[in-house]
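The file upload.cif contains mmCIF, C-alpha atoms:
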data_work
#
loop_
_atom_site.group_PDB
_atom_site.id
_atom_site.type_symbol
_atom_site.label_atom_id
_atom_site.label_comp_id
_atom_site.auth_asym_id
_atom_site.auth_seq_id
_atom_site.Cartn_x
_atom_site.Cartn_y
_atom_site.Cartn_z
ATOM 1 C CA MET A 1 20.075 -1.706 -23.237
ATOM 2 C CA LYS A 2 19.319 0.132 -20.004
ATOM 3 C CA ASP A 3 21.407 0.002 -16.852
ATOM 4 C CA LEU A 4 18.256 0.008 -14.725
ATOM 5 C CA ILE A 5 14.503 -0.304 -15.128
ATOM 6 C CA ILE A 6 12.278 0.607 -12.179
ATOM 7 C CA ILE A 7 8.784 -0.895 -12.170
ATOM 8 C CA GLY A 8 6.375 1.279 -10.190
ATOM 9 C CA SER A 9 6.067 4.960 -9.334
ATOM 10 C CA GLY A 10 4.970 5.229 -5.720
ATOM 11 C CA PRO A 11 7.280 6.579 -2.993
ATOM 12 C CA ALA A 12 9.537 3.503 -3.315
ATOM 13 C CA GLY A 13 9.933 3.640 -7.085
ATOM 14 C CA LEU A 14 10.404 7.394 -7.341
ATOM 15 C CA THR A 15 12.886 7.516 -4.451
ATOM 16 C CA ALA A 16 14.830 4.739 -6.147
ATOM 17 C CA ALA A 17 14.698 6.773 -9.349
ATOM 18 C CA ILE A 18 16.045 9.892 -7.620
ATOM 19 C CA TYR A 19 19.003 8.009 -6.144
ATOM 20 C CA ALA A 20 19.690 6.027 -9.306
ATOM 21 C CA ALA A 21 19.505 9.093 -11.547
ATOM 22 C CA ARG A 22 21.893 11.019 -9.294
ATOM 23 C CA ALA A 23 24.261 8.047 -9.609
ATOM 24 C CA LYS A 24 24.144 8.519 -13.418
ATOM 25 C CA LEU A 25 22.302 5.266 -14.081
ATOM 26 C CA SER A 26 19.679 7.031 -16.268
ATOM 27 C CA PRO A 27 16.861 4.785 -15.004
ATOM 28 C CA LEU A 28 13.725 4.071 -16.980
ATOM 29 C CA VAL A 29 10.727 4.247 -14.652
ATOM 30 C CA ILE A 30 7.762 2.303 -16.004
ATOM 31 C CA ALA A 31 5.264 4.220 -13.938
ATOM 32 C CA GLY A 32 2.007 2.576 -14.970
ATOM 33 C CA THR A 33 -1.042 4.174 -16.546
ATOM 34 C CA LEU A 34 -2.200 5.007 -13.003
ATOM 35 C CA TRP A 35 1.037 6.348 -11.577
ATOM 36 C CA GLY A 36 1.945 7.490 -8.082
ATOM 37 C CA GLY A 37 0.741 4.634 -5.903
ATOM 38 C CA GLN A 38 -1.738 4.818 -3.036
ATOM 39 C CA LEU A 39 -0.909 8.423 -2.140
ATOM 40 C CA MET A 40 -2.662 9.539 -5.310
ATOM 41 C CA THR A 41 -5.963 8.648 -3.624
ATOM 42 C CA THR A 42 -5.012 10.283 -0.314
ATOM 43 C CA THR A 43 -5.883 13.814 0.710
ATOM 44 C CA GLU A 44 -3.909 15.240 3.646
ATOM 45 C CA VAL A 45 -0.555 13.600 4.452
ATOM 46 C CA GLU A 46 0.650 14.783 7.858
ATOM 47 C CA ASN A 47 3.317 12.205 8.705
ATOM 48 C CA PHE A 48 5.812 12.592 5.852
ATOM 49 C CA PRO A 49 8.925 14.391 7.174
ATOM 50 C CA GLY A 50 9.533 17.911 5.946
ATOM 51 C CA PHE A 51 5.911 19.033 5.735
ATOM 52 C CA PRO A 52 4.897 20.305 9.183
ATOM 53 C CA ASP A 53 1.622 21.710 7.815
ATOM 54 C CA GLY A 54 0.867 18.560 5.843
ATOM 55 C CA ILE A 55 0.694 18.068 2.092
ATOM 56 C CA GLN A 56 -1.861 16.620 -0.300
ATOM 57 C CA GLY A 57 -0.931 13.107 -1.435
ATOM 58 C CA PRO A 58 -1.004 13.866 -5.190
ATOM 59 C CA GLU A 59 1.134 16.977 -4.680
ATOM 60 C CA LEU A 60 3.730 14.980 -2.740
ATOM 61 C CA MET A 61 3.916 12.395 -5.529
ATOM 62 C CA GLN A 62 4.162 15.102 -8.209
ATOM 63 C CA ARG A 63 7.112 16.622 -6.344
ATOM 64 C CA MET A 64 8.825 13.224 -6.178
ATOM 65 C CA LEU A 65 8.214 12.714 -9.895
ATOM 66 C CA ASP A 66 9.589 16.173 -10.749
ATOM 67 C CA GLN A 67 12.674 15.491 -8.649
ATOM 68 C CA ALA A 68 13.297 12.132 -10.342
ATOM 69 C CA MET A 69 12.971 13.738 -13.784
ATOM 70 C CA LYS A 70 15.207 16.665 -12.809
ATOM 71 C CA PHE A 71 18.126 14.290 -12.294
ATOM 72 C CA GLY A 72 17.568 12.392 -15.520
ATOM 73 C CA SER A 73 15.005 9.653 -14.934
ATOM 74 C CA GLU A 74 12.931 8.685 -17.957
ATOM 75 C CA ILE A 75 9.246 8.150 -17.146
ATOM 76 C CA LEU A 76 7.000 5.846 -19.171
ATOM 77 C CA TYR A 77 3.264 5.808 -18.380
ATOM 78 C CA GLU A 78 2.552 2.219 -19.388
ATOM 79 C CA ASP A 79 1.728 -0.973 -17.470
ATOM 80 C CA VAL A 80 4.146 -3.876 -17.193
ATOM 81 C CA ILE A 81 2.478 -7.104 -18.318
ATOM 82 C CA LYS A 82 5.392 -9.576 -18.182
ATOM 83 C CA VAL A 83 9.030 -9.870 -17.133
ATOM 84 C CA GLU A 84 11.911 -12.252 -17.831
ATOM 85 C CA LEU A 85 14.473 -11.798 -15.081
ATOM 86 C CA LYS A 86 16.605 -14.903 -14.729
ATOM 87 C CA SER A 87 19.152 -14.267 -17.483
ATOM 88 C CA ASP A 88 21.873 -11.617 -17.459
ATOM 89 C CA VAL A 89 19.752 -9.441 -19.736
ATOM 90 C CA LYS A 90 16.459 -8.651 -18.011
ATOM 91 C CA LYS A 91 13.418 -8.188 -20.240
ATOM 92 C CA VAL A 92 10.416 -6.078 -19.252
ATOM 93 C CA TYR A 93 7.298 -6.062 -21.434
ATOM 94 C CA THR A 94 4.516 -3.476 -21.666
ATOM 95 C CA HIS A 95 1.561 -3.633 -24.037
ATOM 96 C CA GLN A 96 3.563 -1.499 -26.477
ATOM 97 C CA LYS A 97 7.167 -2.659 -26.277
ATOM 98 C CA MET A 98 9.875 -4.841 -24.765
ATOM 99 C CA PHE A 99 12.776 -3.244 -22.853
ATOM 100 C CA GLU A 100 16.131 -4.766 -21.933
ATOM 101 C CA SER A 101 18.158 -3.890 -18.867
ATOM 102 C CA LYS A 102 21.108 -5.057 -16.799
ATOM 103 C CA SER A 103 19.108 -4.637 -13.580
ATOM 104 C CA VAL A 104 15.554 -4.167 -12.344
ATOM 105 C CA ILE A 105 14.015 -2.671 -9.205
ATOM 106 C CA ILE A 106 10.463 -3.880 -8.611
ATOM 107 C CA SER A 107 8.406 -1.396 -6.602
ATOM 108 C CA SER A 108 4.948 -2.120 -7.953
ATOM 109 C CA GLY A 109 3.248 -1.751 -4.564
ATOM 110 C CA ALA A 110 0.098 -3.242 -3.087
ATOM 111 C CA MET A 111 -3.536 -2.194 -3.078
ATOM 112 C CA PRO A 112 -5.874 -2.421 -0.096
ATOM 113 C CA ARG A 113 -8.463 -5.155 -0.434
ATOM 114 C CA LYS A 114 -11.890 -3.515 -0.651
ATOM 115 C CA LEU A 115 -15.435 -4.507 0.206
ATOM 116 C CA GLY A 116 -16.925 -3.538 -3.151
ATOM 117 C CA ILE A 117 -19.996 -1.876 -1.646
ATOM 118 C CA PRO A 118 -21.860 1.364 -2.463
ATOM 119 C CA GLY A 119 -20.193 4.447 -1.031
ATOM 120 C CA GLU A 120 -16.766 2.859 -0.615
ATOM 121 C CA SER A 121 -15.130 4.543 -3.592
ATOM 122 C CA GLU A 122 -17.152 7.747 -3.200
ATOM 123 C CA PHE A 123 -15.924 8.281 0.364
ATOM 124 C CA TRP A 124 -12.362 6.985 -0.063
ATOM 125 C CA SER A 125 -10.127 9.415 1.868
ATOM 126 C CA LYS A 126 -13.329 11.163 2.995
ATOM 127 C CA GLY A 127 -13.912 8.833 5.904
ATOM 128 C CA VAL A 128 -12.911 5.512 4.350
ATOM 129 C CA SER A 129 -9.303 4.442 4.872
ATOM 130 C CA SER A 130 -7.108 1.365 5.037
ATOM 131 C CA CYS A 131 -4.445 2.835 7.340
ATOM 132 C CA ALA A 132 -5.095 3.828 10.957
ATOM 133 C CA THR A 133 -1.483 4.941 11.401
ATOM 134 C CA CYS A 134 -1.885 7.343 8.481
ATOM 135 C CA ASP A 135 -5.333 8.733 9.237
ATOM 136 C CA GLY A 136 -6.200 7.987 12.857
ATOM 137 C CA ALA A 137 -5.356 11.484 14.104
ATOM 138 C CA PHE A 138 -8.207 12.918 12.000
ATOM 139 C CA TYR A 139 -10.746 11.147 14.224
ATOM 140 C CA LYS A 140 -10.191 12.725 17.628
ATOM 141 C CA GLY A 141 -13.317 12.325 19.726
ATOM 142 C CA LYS A 142 -15.204 10.588 16.896
ATOM 143 C CA GLN A 143 -16.731 7.140 16.351
ATOM 144 C CA VAL A 144 -15.164 4.787 13.830
ATOM 145 C CA ALA A 145 -15.620 1.234 12.564
ATOM 146 C CA VAL A 146 -12.865 -1.242 11.754
ATOM 147 C CA ILE A 147 -13.836 -3.990 9.302
ATOM 148 C CA GLY A 148 -12.015 -7.294 9.647
ATOM 149 C CA GLY A 149 -11.234 -10.157 11.974
ATOM 150 C CA GLY A 150 -7.484 -10.718 11.891
ATOM 151 C CA ASP A 151 -4.573 -9.396 13.910
ATOM 152 C CA SER A 152 -4.362 -6.314 11.690
ATOM 153 C CA ALA A 153 -7.974 -5.411 12.557
ATOM 154 C CA MET A 154 -7.177 -5.661 16.273
ATOM 155 C CA GLU A 155 -4.028 -3.587 15.845
ATOM 156 C CA GLU A 156 -5.852 -0.910 13.855
ATOM 157 C CA ALA A 157 -8.656 -0.718 16.402
ATOM 158 C CA ILE A 158 -6.307 -0.491 19.384
ATOM 159 C CA PHE A 159 -4.321 2.254 17.681
ATOM 160 C CA LEU A 160 -7.494 4.189 16.869
ATOM 161 C CA THR A 161 -8.511 4.289 20.542
ATOM 162 C CA LYS A 162 -5.731 6.852 21.018
ATOM 163 C CA PHE A 163 -7.950 9.291 19.144
ATOM 164 C CA ALA A 164 -11.507 8.018 18.673
ATOM 165 C CA SER A 165 -14.142 8.020 21.413
ATOM 166 C CA LYS A 166 -15.588 4.694 20.200
ATOM 167 C CA VAL A 167 -14.242 1.937 17.931
ATOM 168 C CA TYR A 168 -16.471 -0.820 16.554
ATOM 169 C CA ILE A 169 -14.807 -3.951 15.196
ATOM 170 C CA ILE A 170 -17.218 -5.465 12.680
ATOM 171 C CA HIS A 171 -16.692 -9.063 11.563
ATOM 172 C CA ARG A 172 -18.864 -11.197 9.329
ATOM 173 C CA ARG A 173 -18.283 -14.380 11.355
ATOM 174 C CA ASP A 174 -18.954 -15.349 14.972
ATOM 175 C CA GLN A 175 -15.293 -15.441 15.961
ATOM 176 C CA PHE A 176 -12.085 -13.684 14.961
ATOM 177 C CA ARG A 177 -9.153 -15.119 13.040
ATOM 178 C CA ALA A 178 -6.851 -12.978 15.168
ATOM 179 C CA SER A 179 -4.580 -14.463 17.826
ATOM 180 C CA LYS A 180 -6.074 -14.825 21.301
ATOM 181 C CA ILE A 181 -3.617 -12.345 22.800
ATOM 182 C CA MET A 182 -4.676 -9.640 20.331
ATOM 183 C CA VAL A 183 -8.389 -10.356 20.787
ATOM 184 C CA ASP A 184 -7.993 -10.214 24.572
ATOM 185 C CA LYS A 185 -6.107 -6.936 24.306
ATOM 186 C CA ALA A 186 -8.855 -5.386 22.183
ATOM 187 C CA ALA A 187 -11.616 -6.793 24.399
ATOM 188 C CA SER A 188 -10.042 -5.225 27.486
ATOM 189 C CA ASN A 189 -10.134 -1.754 25.931
ATOM 190 C CA GLU A 190 -13.285 0.035 27.092
ATOM 191 C CA LYS A 191 -13.478 2.076 23.860
ATOM 192 C CA ILE A 192 -13.743 -1.034 21.653
ATOM 193 C CA GLN A 193 -16.981 -2.909 20.941
ATOM 194 C CA PHE A 194 -17.164 -6.148 18.949
ATOM 195 C CA ILE A 195 -19.987 -6.659 16.427
ATOM 196 C CA PHE A 196 -20.095 -10.273 15.167
ATOM 197 C CA ASN A 197 -21.979 -11.964 12.313
ATOM 198 C CA THR A 198 -22.306 -8.612 10.605
ATOM 199 C CA GLU A 199 -21.493 -7.299 7.136
ATOM 200 C CA VAL A 200 -21.246 -3.695 5.986
ATOM 201 C CA LYS A 201 -23.610 -3.219 3.048
ATOM 202 C CA GLU A 202 -23.314 0.511 2.309
ATOM 203 C CA ILE A 203 -21.375 3.588 3.405
ATOM 204 C CA LEU A 204 -23.496 6.712 3.742
ATOM 205 C CA GLY A 205 -22.921 10.434 4.147
ATOM 206 C CA ASN A 206 -22.866 13.789 2.404
ATOM 207 C CA GLN A 207 -19.353 15.166 1.885
ATOM 208 C CA PHE A 208 -17.885 12.755 4.428
ATOM 209 C CA VAL A 209 -18.856 9.439 6.019
ATOM 210 C CA GLU A 210 -21.709 9.778 8.506
ATOM 211 C CA LYS A 211 -23.063 6.239 8.929
ATOM 212 C CA ILE A 212 -22.996 2.707 7.595
ATOM 213 C CA LYS A 213 -25.728 0.219 6.747
ATOM 214 C CA ILE A 214 -24.984 -3.124 8.392
ATOM 215 C CA TYR A 215 -26.545 -6.562 7.970
ATOM 216 C CA ASN A 216 -26.693 -9.245 10.661
ATOM 217 C CA ASN A 217 -26.342 -12.499 8.733
ATOM 218 C CA GLN A 218 -27.675 -14.619 11.627
ATOM 219 C CA GLU A 219 -30.801 -12.619 12.358
ATOM 220 C CA ASN A 220 -31.284 -11.496 8.747
ATOM 221 C CA THR A 221 -31.777 -7.879 9.820
ATOM 222 C CA GLU A 222 -30.433 -4.529 8.614
ATOM 223 C CA SER A 223 -29.661 -1.477 10.735
ATOM 224 C CA ILE A 224 -27.813 1.845 10.613
ATOM 225 C CA LEU A 225 -24.688 2.564 12.666
ATOM 226 C CA ASP A 226 -23.492 6.144 13.131
ATOM 227 C CA VAL A 227 -19.754 6.428 12.478
ATOM 228 C CA ASP A 228 -17.428 9.147 11.212
ATOM 229 C CA GLY A 229 -14.863 6.806 9.721
ATOM 230 C CA VAL A 230 -14.512 3.296 8.273
ATOM 231 C CA PHE A 231 -11.155 1.512 8.356
ATOM 232 C CA LEU A 232 -10.712 -1.537 6.151
ATOM 233 C CA ALA A 233 -8.507 -4.228 7.692
ATOM 234 C CA ILE A 234 -9.210 -7.087 5.307
ATOM 235 C CA GLY A 235 -5.770 -7.318 3.775
ATOM 236 C CA HIS A 236 -3.809 -5.962 0.829
ATOM 237 C CA ILE A 237 -3.203 -7.324 -2.661
ATOM 238 C CA PRO A 238 0.451 -7.145 -3.789
ATOM 239 C CA MET A 239 0.789 -6.072 -7.413
ATOM 240 C CA THR A 240 2.720 -9.089 -8.679
ATOM 241 C CA SER A 241 0.549 -10.607 -11.412
ATOM 242 C CA PHE A 242 3.090 -9.632 -14.086
ATOM 243 C CA LEU A 243 5.885 -11.712 -12.515
ATOM 244 C CA ASN A 244 4.817 -15.055 -14.016
ATOM 245 C CA GLU A 245 6.705 -17.030 -11.333
ATOM 246 C CA GLU A 246 9.976 -15.277 -12.123
ATOM 247 C CA LEU A 247 10.425 -14.528 -8.398
ATOM 248 C CA ALA A 248 9.410 -16.417 -5.263
ATOM 249 C CA LEU A 249 6.347 -15.155 -3.394
ATOM 250 C CA ASP A 250 5.264 -15.803 0.182
ATOM 251 C CA GLU A 251 1.869 -17.192 1.184
ATOM 252 C CA GLY A 252 0.347 -13.693 1.044
ATOM 253 C CA GLY A 253 1.601 -13.091 -2.490
ATOM 254 C CA TYR A 254 4.357 -10.663 -1.429
ATOM 255 C CA ILE A 255 7.791 -10.967 -3.031
ATOM 256 C CA LYS A 256 10.324 -12.786 -0.871
ATOM 257 C CA VAL A 257 13.444 -10.734 -0.230
ATOM 258 C CA ILE A 258 16.900 -11.511 1.077
ATOM 259 C CA ASN A 259 18.647 -8.931 3.245
ATOM 260 C CA GLU A 260 15.972 -6.226 2.868
ATOM 261 C CA VAL A 261 16.073 -5.449 -0.874
ATOM 262 C CA TYR A 262 17.913 -8.311 -2.608
ATOM 263 C CA THR A 263 16.290 -11.292 -4.312
ATOM 264 C CA ASP A 264 17.765 -14.681 -5.205
ATOM 265 C CA VAL A 265 18.028 -13.434 -8.808
ATOM 266 C CA PRO A 266 21.200 -11.369 -9.376
ATOM 267 C CA GLY A 267 20.435 -7.857 -10.522
ATOM 268 C CA VAL A 268 16.824 -7.837 -9.309
ATOM 269 C CA PHE A 269 15.961 -5.722 -6.270
ATOM 270 C CA ILE A 270 12.710 -5.053 -4.436
ATOM 271 C CA ALA A 271 11.349 -1.943 -2.696
ATOM 272 C CA GLY A 272 8.143 -0.806 -1.035
ATOM 273 C CA ASP A 273 4.809 -2.410 -0.275
ATOM 274 C CA VAL A 274 5.196 -5.215 -2.811
ATOM 275 C CA GLN A 275 7.355 -6.888 -0.158
ATOM 276 C CA ASP A 276 6.209 -5.077 3.022
ATOM 277 C CA HIS A 277 3.062 -6.387 4.684
ATOM 278 C CA VAL A 278 3.938 -4.964 8.113
ATOM 279 C CA PHE A 279 4.613 -1.204 8.004
ATOM 280 C CA ARG A 280 3.143 -0.024 4.671
ATOM 281 C CA GLN A 281 4.013 3.664 5.107
ATOM 282 C CA ALA A 282 5.125 6.177 2.498
ATOM 283 C CA ILE A 283 8.310 6.884 4.436
ATOM 284 C CA THR A 284 9.258 3.209 4.847
ATOM 285 C CA ALA A 285 8.582 2.644 1.148
ATOM 286 C CA ALA A 286 10.775 5.622 0.267
ATOM 287 C CA GLY A 287 13.508 4.313 2.564
ATOM 288 C CA SER A 288 13.482 0.917 0.903
ATOM 289 C CA GLY A 289 13.606 2.607 -2.512
ATOM 290 C CA CYS A 290 16.773 4.386 -1.417
ATOM 291 C CA LYS A 291 18.293 1.086 -0.238
ATOM 292 C CA ALA A 292 17.346 -0.706 -3.457
ATOM 293 C CA ALA A 293 18.925 1.996 -5.626
ATOM 294 C CA ILE A 294 22.178 1.989 -3.640
ATOM 295 C CA ALA A 295 22.315 -1.816 -3.671
ATOM 296 C CA CYS A 296 21.661 -1.821 -7.418
ATOM 297 C CA GLU A 297 24.348 0.781 -8.093
ATOM 298 C CA ARG A 298 26.907 -1.243 -6.132
ATOM 299 C CA TRP A 299 25.905 -4.424 -7.929
ATOM 300 C CA LEU A 300 26.314 -2.773 -11.336
ATOM 301 C CA GLU A 301 29.732 -1.458 -10.282
ATOM 302 C CA SER A 302 30.756 -4.988 -9.317
ATOM 303 C CA LEU A 303 30.132 -6.145 -12.899
ATOM 304 C CA LYS A 304 32.888 -3.826 -14.117
ATOM 305 C CA LYS A 305 35.590 -5.394 -11.940
#
Kindly return the structure encoded in the file as structure tokens.
Amino acid sequence: MKDLIIIGSGPAGLTAAIYAARAKLSPLVIAGTLWGGQLMTTTEVENFPGFPDGIQGPELMQRMLDQAMKFGSEILYEDVIKVELKSDVKKVYTHQKMFESKSVIISSGAMPRKLGIPGESEFWSKGVSSCATCDGAFYKGKQVAVIGGGDSAMEEAIFLTKFASKVYIIHRRDQFRASKIMVDKAASNEKIQFIFNTEVKEILGNQFVEKIKIYNNQENTESILDVDGVFLAIGHIPMTSFLNEELALDEGGYIKVINEVYTDVPGVFIAGDVQDHVFRQAITAAGSGCKAAIACERWLESLKK
């Protein structure tokens, strides 16, 4: 019987592990076979406090992992396939084993929805990104494309105009899903150009993105657009398939939380992008991991009274 199991090993899960381990909870972190979260596919991270010269994403995650282990966290590189959370004894299943715990922190994260086109994986973090806030500063004076038609696409594009010389918003339909106020705001920005009825078919370049092949689905024509960066704004997929309706999800599939990190199931806490569809930053995920660990520690203490 564990005091705490942490599901996930991105900034949220490993920060929770650091705090929980220092509180002598000896947490088991079920990290996944692909551990470390989205930062493992990121190159330069310039906006995480404490690294004025930047740090490579995988190195940052390795440091977090080392710190969690230093204080006594146990790390298991397996995937969670099922949970049973509603009784006093929580059960967490991997392909190999079942674990029991008094409490659980779920920090399984979310993955950016992708186009599934040639060049997308090859140029990920080499011109292809899903986060303008994270990577926009790398595109000073350059041309970029934002793919999507919702409010997030408008927000990404507007943010990118702080750096880029030109921002194309490419949408496969003839009108945006975004709110009128956001569309109007983007339309009024002289750096932004809308491209409707168009799909990106391929991302091209040598070491980095140089252009994209686009297809006009009304005119049935293909053309090449020169860009230095491609930002995907077509949503994220929360990693919640293992929950089996044990916790309530919102319409986007994110876990519903009460008071930041609590759920309606006693002893189950949430941290990171699996519940955050607004900020989605490494530092906000880490902050919520800290909150979840402190809340969990206090809840476990309350059981002793």
Got a sec to resolve the PyMOL selection byres ((chain A and resi 66-75) around 6) on this structure and send the residues as a list in words? Ala17, Ile18, Ala21, Arg22, Ser26, Pro27, Leu28, Val29, Arg63, Met64, Leu65 and Leu76 of chain A
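Closest approach to A:Ile212 among A:Met239, A:Val128, A:Ala178, A:Val104: A:Val128, based on all atoms listed in the file.
Distances here use only C-alpha atoms; by that measure, the residue among A:Pro11, A:Gly127, A:Gly141, A:Gly252 closest to A:Ala31 is A:Pro11.
Within 8 Å of A:Lys126, once all atoms listed in the file are used and residues closer than 6 positions along the same chain are dropped, the contacting residues are Gln207, Phe208 and Val209 of chain A.
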Report as number ranges by chain the full result of the PyMOL selection byres ((chain A and resi 191-204) around 6) when it is applied to this structure. A: 117-119, 166-174, 189-190, 205, 209-217
By how many Å are atom CA of A:Leu160 and atom CA of A:Val278 apart? 17.1 Å
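For the pair atom CA of A:Gln175 and atom CA of A:Gly116, the separation is 22.6 Å.
We find atom CA of A:Lys82 and atom CA of A:Lys291 to be spaced 24.5 Å apart.
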Around stretch 155-158 of chain A, fit a box with edges along x, y and z, padding it by 5 Å on each side, then list its centre and edge lengths in Å to one decimal as lines of an AutoDock Vina configuration file.
center_x = -6.3
center_y = -2.0
center_z = 16.6
size_x = 14.6
size_y = 13.1
size_z = 15.5
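Restricting the calculation to all atoms listed in the file, the smallest distance between A:Ser101 and any of A:Val83, A:Leu60, A:Cys296, A:Leu4 is found for A:Leu4.
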